[in-house]
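Structure file final31.csv with CSV, C-alpha atoms and all ligand atoms:
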```csv
chain,number,residue,atom,x,y,z
N,1,MET,CA,110.8,194.3,195.7
N,2,LYS,CA,113.3,192.3,193.7
N,3,ILE,CA,114.0,190.0,196.7
N,4,LEU,CA,110.2,189.5,197.1
N,5,ASN,CA,110.0,188.5,193.4
N,6,PHE,CA,112.8,186.1,193.9
N,7,PHE,CA,111.0,184.4,196.7
N,8,ILE,CA,107.8,184.2,194.7
N,9,VAL,CA,109.6,182.6,191.8
N,10,ALA,CA,111.4,180.2,194.1
N,11,PHE,CA,108.2,179.2,195.7
N,12,LEU,CA,106.4,178.6,192.4
N,13,LEU,CA,109.3,176.4,191.2
N,14,PHE,CA,109.2,174.4,194.5
N,15,SER,CA,105.4,173.9,194.1
N,16,ALA,CA,105.8,172.7,190.6
N,17,SER,CA,108.4,170.2,191.7
N,18,LEU,CA,105.9,168.7,194.2
N,19,LYS,CA,103.4,167.9,191.5
N,20,SER,CA,103.7,164.3,190.1
N,21,GLN,CA,104.8,164.1,186.5
N,22,ASN,CA,102.6,162.3,184.0
N,23,LEU,CA,104.6,159.4,182.7
N,24,VAL,CA,102.3,158.9,179.7
N,25,THR,CA,103.7,160.8,176.7
N,26,ASN,CA,101.0,162.7,174.9
N,27,GLY,CA,98.4,161.5,177.5
N,28,ASP,CA,96.1,164.4,176.5
N,29,PHE,CA,96.3,163.5,172.8
N,30,SER,CA,97.4,167.1,171.9
N,31,GLU,CA,100.5,166.2,169.8
N,32,MET,CA,100.4,164.9,166.3
N,33,ASN,CA,103.2,163.4,164.2
N,34,GLY,CA,102.1,164.4,160.8
N,35,SER,CA,98.6,163.0,160.2
N,36,LYS,CA,99.0,160.5,163.1
N,37,LEU,CA,98.7,160.8,166.8
N,38,ALA,CA,102.1,161.0,168.5
N,39,ASN,CA,103.0,158.1,170.7
N,40,TRP,CA,99.7,156.3,170.3
N,41,SER,CA,98.6,153.8,167.7
N,42,PRO,CA,95.4,151.7,167.1
N,43,SER,CA,95.8,148.2,168.4
N,44,GLY,CA,93.8,145.0,168.8
N,45,PRO,CA,92.4,142.1,166.7
N,46,SER,CA,88.9,143.3,165.8
N,47,SER,CA,88.2,144.6,162.3
N,48,LYS,CA,84.7,145.8,163.4
N,49,VAL,CA,85.9,148.2,166.1
N,50,THR,CA,87.3,151.4,164.8
N,51,CYS,CA,89.8,153.8,166.4
N,52,THR,CA,89.6,157.5,165.4
N,53,LEU,CA,90.4,160.9,166.7
N,54,ASP,CA,87.6,163.4,167.7
N,55,GLU,CA,88.2,167.1,167.5
N,56,SER,CA,84.7,168.1,168.4
N,57,ILE,CA,84.2,166.0,171.5
N,58,PHE,CA,87.1,166.1,174.0
N,59,ARG,CA,87.8,166.9,177.6
N,60,SER,CA,91.0,168.8,176.9
N,61,ALA,CA,91.5,170.6,173.6
N,62,PRO,CA,92.2,170.0,170.8
N,63,ARG,CA,91.0,166.3,170.7
N,64,ALA,CA,90.2,163.0,172.4
N,65,VAL,CA,90.4,159.5,171.0
N,66,LYS,CA,87.2,157.7,170.0
N,67,ILE,CA,86.5,153.9,169.7
N,68,VAL,CA,83.3,152.6,168.1
N,69,GLY,CA,82.3,149.0,167.7
N,70,ASP,CA,79.4,146.6,167.7
N,71,SER,CA,81.1,143.2,167.4
N,72,VAL,CA,83.0,140.8,169.6
N,73,GLY,CA,86.7,141.4,169.8
N,74,TRP,CA,88.5,144.3,171.4
N,75,ARG,CA,90.4,147.3,169.9
N,76,GLY,CA,92.0,150.3,171.5
N,77,TRP,CA,94.7,153.0,171.4
N,78,ARG,CA,98.1,151.9,172.6
N,79,ASN,CA,100.9,154.0,174.1
N,80,SER,CA,104.6,153.4,173.9
N,81,GLU,CA,106.6,152.1,176.9
N,82,ILE,CA,106.8,153.7,180.3
N,83,GLN,CA,109.8,153.2,182.7
N,84,VAL,CA,108.7,152.2,186.3
N,85,GLU,CA,110.3,151.1,189.5
N,86,ALA,CA,109.5,147.8,191.3
N,87,GLY,CA,107.9,148.3,194.7
N,88,LYS,CA,106.6,151.8,193.9
N,89,THR,CA,102.9,152.6,193.6
N,90,TYR,CA,101.5,154.5,190.7
N,91,ASN,CA,98.2,156.3,190.2
N,92,ILE,CA,96.6,155.3,186.9
N,93,SER,CA,93.8,157.5,185.6
N,94,PHE,CA,91.8,158.7,182.6
N,95,TYR,CA,88.6,160.4,181.7
N,96,ALA,CA,86.0,158.5,179.7
N,97,LYS,CA,82.7,159.4,178.1
N,98,ALA,CA,80.4,156.8,176.6
N,99,ASN,CA,77.3,156.3,174.4
N,100,SER,CA,75.1,153.3,174.3
N,101,LEU,CA,77.5,150.8,175.8
N,102,GLY,CA,76.0,147.3,175.6
N,103,LYS,CA,75.4,145.1,178.7
N,104,GLY,CA,78.7,143.5,179.6
N,105,THR,CA,80.8,145.5,177.2
N,106,ARG,CA,84.1,146.4,178.9
N,107,ILE,CA,85.9,149.7,178.7
N,108,GLY,CA,89.1,150.6,180.6
N,109,ILE,CA,92.8,150.3,180.4
N,110,SER,CA,95.3,147.4,180.2
N,111,PHE,CA,99.0,147.0,180.0
N,112,THR,CA,101.8,144.4,180.1
N,113,LEU,CA,104.6,144.5,182.6
N,114,LYS,CA,108.2,143.6,181.6
N,115,ASN,CA,111.4,143.2,183.4
N,116,ALA,CA,114.7,144.9,182.5
N,117,SER,CA,115.5,141.9,180.1
N,118,ASN,CA,112.3,142.7,178.2
N,119,GLU,CA,110.5,139.5,179.5
N,120,ASN,CA,106.8,139.6,180.4
N,121,ILE,CA,106.0,139.4,184.1
N,122,GLY,CA,102.7,137.6,184.6
N,123,LYS,CA,99.6,138.1,182.5
N,124,PRO,CA,98.3,141.4,181.1
N,125,VAL,CA,97.1,143.7,183.9
N,126,PHE,CA,93.6,145.4,183.8
N,127,PRO,CA,93.8,148.0,186.6
N,128,ILE,CA,90.6,149.7,185.5
N,129,ILE,CA,87.6,148.0,184.0
N,130,PHE,CA,84.0,149.4,183.7
N,131,ASN,CA,81.3,147.0,182.4
N,132,GLU,CA,78.0,148.5,183.6
N,133,GLY,CA,77.0,149.7,180.1
N,134,GLY,CA,74.9,152.7,179.3
N,135,SER,CA,75.8,156.3,178.4
N,136,PHE,CA,77.6,158.9,180.5
N,137,ASP,CA,79.5,162.2,180.2
N,138,TRP,CA,83.2,162.7,181.0
N,139,LYS,CA,84.0,160.7,184.2
N,140,LEU,CA,87.3,160.3,186.0
N,141,MET,CA,88.3,156.6,186.5
N,142,GLU,CA,91.4,155.8,188.5
N,143,ALA,CA,93.2,153.1,190.4
N,144,GLU,CA,96.5,152.5,192.2
N,145,TYR,CA,98.9,149.8,191.1
N,146,THR,CA,102.1,148.7,192.8
N,147,ILE,CA,104.8,147.4,190.5
N,148,PRO,CA,105.7,143.8,191.5
N,149,GLU,CA,109.3,142.5,192.0
N,150,GLY,CA,111.4,142.7,188.9
N,151,GLY,CA,109.0,145.1,187.1
N,152,ALA,CA,110.9,147.7,185.1
N,153,LYS,CA,108.5,148.9,182.4
N,154,ILE,CA,104.9,149.1,181.4
N,155,VAL,CA,104.4,148.3,177.7
N,156,ALA,CA,101.3,148.3,175.5
N,157,LEU,CA,99.3,150.6,177.8
N,158,CYS,CA,96.0,150.6,176.1
N,159,VAL,CA,92.6,152.4,176.5
N,160,ARG,CA,90.1,150.1,174.9
N,161,LEU,CA,86.6,148.9,174.0
N,162,ASP,CA,85.8,145.2,174.4
N,163,PRO,CA,82.3,144.7,173.1
N,164,THR,CA,80.2,141.6,173.9
N,165,LYS,CA,77.8,139.6,171.7
N,166,ALA,CA,74.9,141.4,173.4
N,167,ALA,CA,76.3,144.8,172.4
N,168,THR,CA,74.2,147.5,170.8
N,169,PRO,CA,75.2,149.1,167.5
N,170,ASP,CA,77.3,152.2,167.5
N,171,GLN,CA,78.4,151.9,171.1
N,172,THR,CA,81.1,154.5,171.5
N,173,VAL,CA,83.7,155.4,174.1
N,174,TRP,CA,85.9,158.5,174.2
N,175,TYR,CA,89.1,158.7,176.3
N,176,ASP,CA,91.1,161.8,177.2
N,177,ASP,CA,93.8,162.9,179.7
N,178,VAL,CA,95.4,159.4,180.4
N,179,LYS,CA,97.8,159.6,183.3
N,180,VAL,CA,100.3,157.3,185.1
N,181,GLU,CA,101.9,159.2,188.0
N,182,LEU,CA,104.2,158.1,190.8
N,183,LYS,CA,102.2,158.1,194.0
N,184,LYS,CA,103.9,160.5,196.5
M,201,CA,CA,92.7,166.0,174.9
```

What's the structure tokens form of this structure?
Ligand SMILES: [Ca+2]
Amino acid sequence: MKILNFFIVAFLLFSASLKSQNLVTNGDFSEMNGSKLANWSPSGPSSKVTCTLDESIFRSAPRAVKIVGDSVGWRGWRNSEIQVEAGKTYNISFYAKANSLGKGTRIGISFTLKNASNENIGKPVFPIIFNEGGSFDWKLMEAEYTIPEGGAKIVALCVRLDPTKAATPDQTVWYDDVKVELKK
């Protein structure tokens, strides 16, 4: 029986090692650092778009992030840097829920790529953009992205709300379970 238990444990460890690791620290928004969200901070130029935490609406307990805005100018929640390897492909994903998004308002994720010398490579990348407006319940959005030559880290990974002029008041997006995983 002991030998059988050993094989079961060994198999479980092996299975766990096959799963991709989420490179986004605190991607499920579960960890706090005092009164602030660990590893994430509000970011962006708009003073009329607000970033808050929501502990009543979430996909995974105990919370999700919420962004509300009705004016032009984006704002979002920004993560700290992620080490990546040039030439490798990564799966980028998150769950989003939305209320009353105006026509043309963009939600999604953006980041900047840097090389090992901390210099930007190209322009900011928008691997996932949704701009069809409306309201919807938790929905998985995902994309693959291959790191170009010289790329060493992803910085300013940001889940965001970019309202347009035609936006409706109180348009809201929630994000949860943000992941960047090496594609196997
Ligand atoms: Ca969560």

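Closest approach to ligand CA 201 (chain M) among N:Ser100, N:Ser135, N:Thr89, N:Asn26: N:Asn26, based on all atoms listed in the file.
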
Could you please extract the residues within 10 Å of ligand CA 201 (chain M), counting only C-alpha atoms and all ligand atoms, and hand them back as an MDAnalysis selection string?
chainID N and resid 26:31 53:55 57:65 95 175:178

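One finds CA of Pro45 (chain N) at 23.0 Å from CA of Ile82 (chain N).
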
Computed interatomic separation between CA of Asn99 (chain N) and CA of Phe111 (chain N) (Å):
24.3 Å

Here CA of Pro124 (chain N) and CA of Asn33 (chain N) stand apart by 28.2 Å

Taking into account all atoms listed in the file, which residue in the set N:Trp174, N:Phe130, N:Tyr90, N:Trp138 is nearest to Gly76 (chain N)?
N:Trp174

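If you measure from each of N:Gly133, N:Pro169, N:Gly73, N:Gly150 to Asn115 (chain N) using all atoms listed in the file, the closest one turns out to be N:Gly150.
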
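Of the listed residues (N:Ser93, N:Ser43, N:Asn22, N:Val72), N:Ser93 comes nearest to Lys139 (chain N); the distances count all atoms listed in the file.
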
Dig up all the protein and nucleic acid residues within 12 Å of (116.9, 140.6, 182.4) in the file frame, using all atoms listed in the file, and format them as a PyMOL selection string.
chain N and resi 114-121+150-153

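Ranking N:Thr112, N:Ser46, N:Thr52, N:Asn79 by their shortest atom-to-atom distance to Pro163 (chain N), with only C-alpha atoms included, puts N:Ser46 first.
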
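Nearest residue to Ser47 (chain N) among N:Leu140, N:Val68, N:Val159, N:Ile107 is N:Val68, counting all atoms listed in the file.
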
For Lys48 (chain N), please output as a compact mmCIF listing (two decimals) with C-alpha atoms, in the frame of the given file all residues within 7 Å (counting only C-alpha atoms; exclusion window: fewer than 5 positions along the same chain).
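Listing of selection.txt after writing:
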```
# COMPACT_ATOMS: atom_id res chain seq x y z
CA GLY N 69 82.30 149.00 167.70
CA ASP N 70 79.40 146.60 167.70
CA SER N 71 81.10 143.20 167.40
```

Local residues around (88.9, 155.1, 191.2), at most 12 Å away, using all atoms listed in the file, as a PDB file with C-alpha atoms, keeping the file's coordinate frame:
```pdb
ATOM      1  CA  ASN N  91      98.200 156.300 190.200  1.00  0.00           C
ATOM      2  CA  ILE N  92      96.600 155.300 186.900  1.00  0.00           C
ATOM      3  CA  SER N  93      93.800 157.500 185.600  1.00  0.00           C
ATOM      4  CA  PHE N  94      91.800 158.700 182.600  1.00  0.00           C
ATOM      5  CA  TYR N  95      88.600 160.400 181.700  1.00  0.00           C
ATOM      6  CA  GLY N 108      89.100 150.600 180.600  1.00  0.00           C
ATOM      7  CA  PRO N 127      93.800 148.000 186.600  1.00  0.00           C
ATOM      8  CA  ILE N 128      90.600 149.700 185.500  1.00  0.00           C
ATOM      9  CA  ILE N 129      87.600 148.000 184.000  1.00  0.00           C
ATOM     10  CA  PHE N 130      84.000 149.400 183.700  1.00  0.00           C
ATOM     11  CA  LYS N 139      84.000 160.700 184.200  1.00  0.00           C
ATOM     12  CA  LEU N 140      87.300 160.300 186.000  1.00  0.00           C
ATOM     13  CA  MET N 141      88.300 156.600 186.500  1.00  0.00           C
ATOM     14  CA  GLU N 142      91.400 155.800 188.500  1.00  0.00           C
ATOM     15  CA  ALA N 143      93.200 153.100 190.400  1.00  0.00           C
ATOM     16  CA  GLU N 144      96.500 152.500 192.200  1.00  0.00           C
ATOM     17  CA  TYR N 145      98.900 149.800 191.100  1.00  0.00           C
TER      18      TYR N 145
END
```

Which polymer residues have any atom within 12 Å of an atom of Gly44 (chain N), counting all atoms listed in the file, with same-chain residues fewer than 5 positions away left out, as a count of residues only?
19
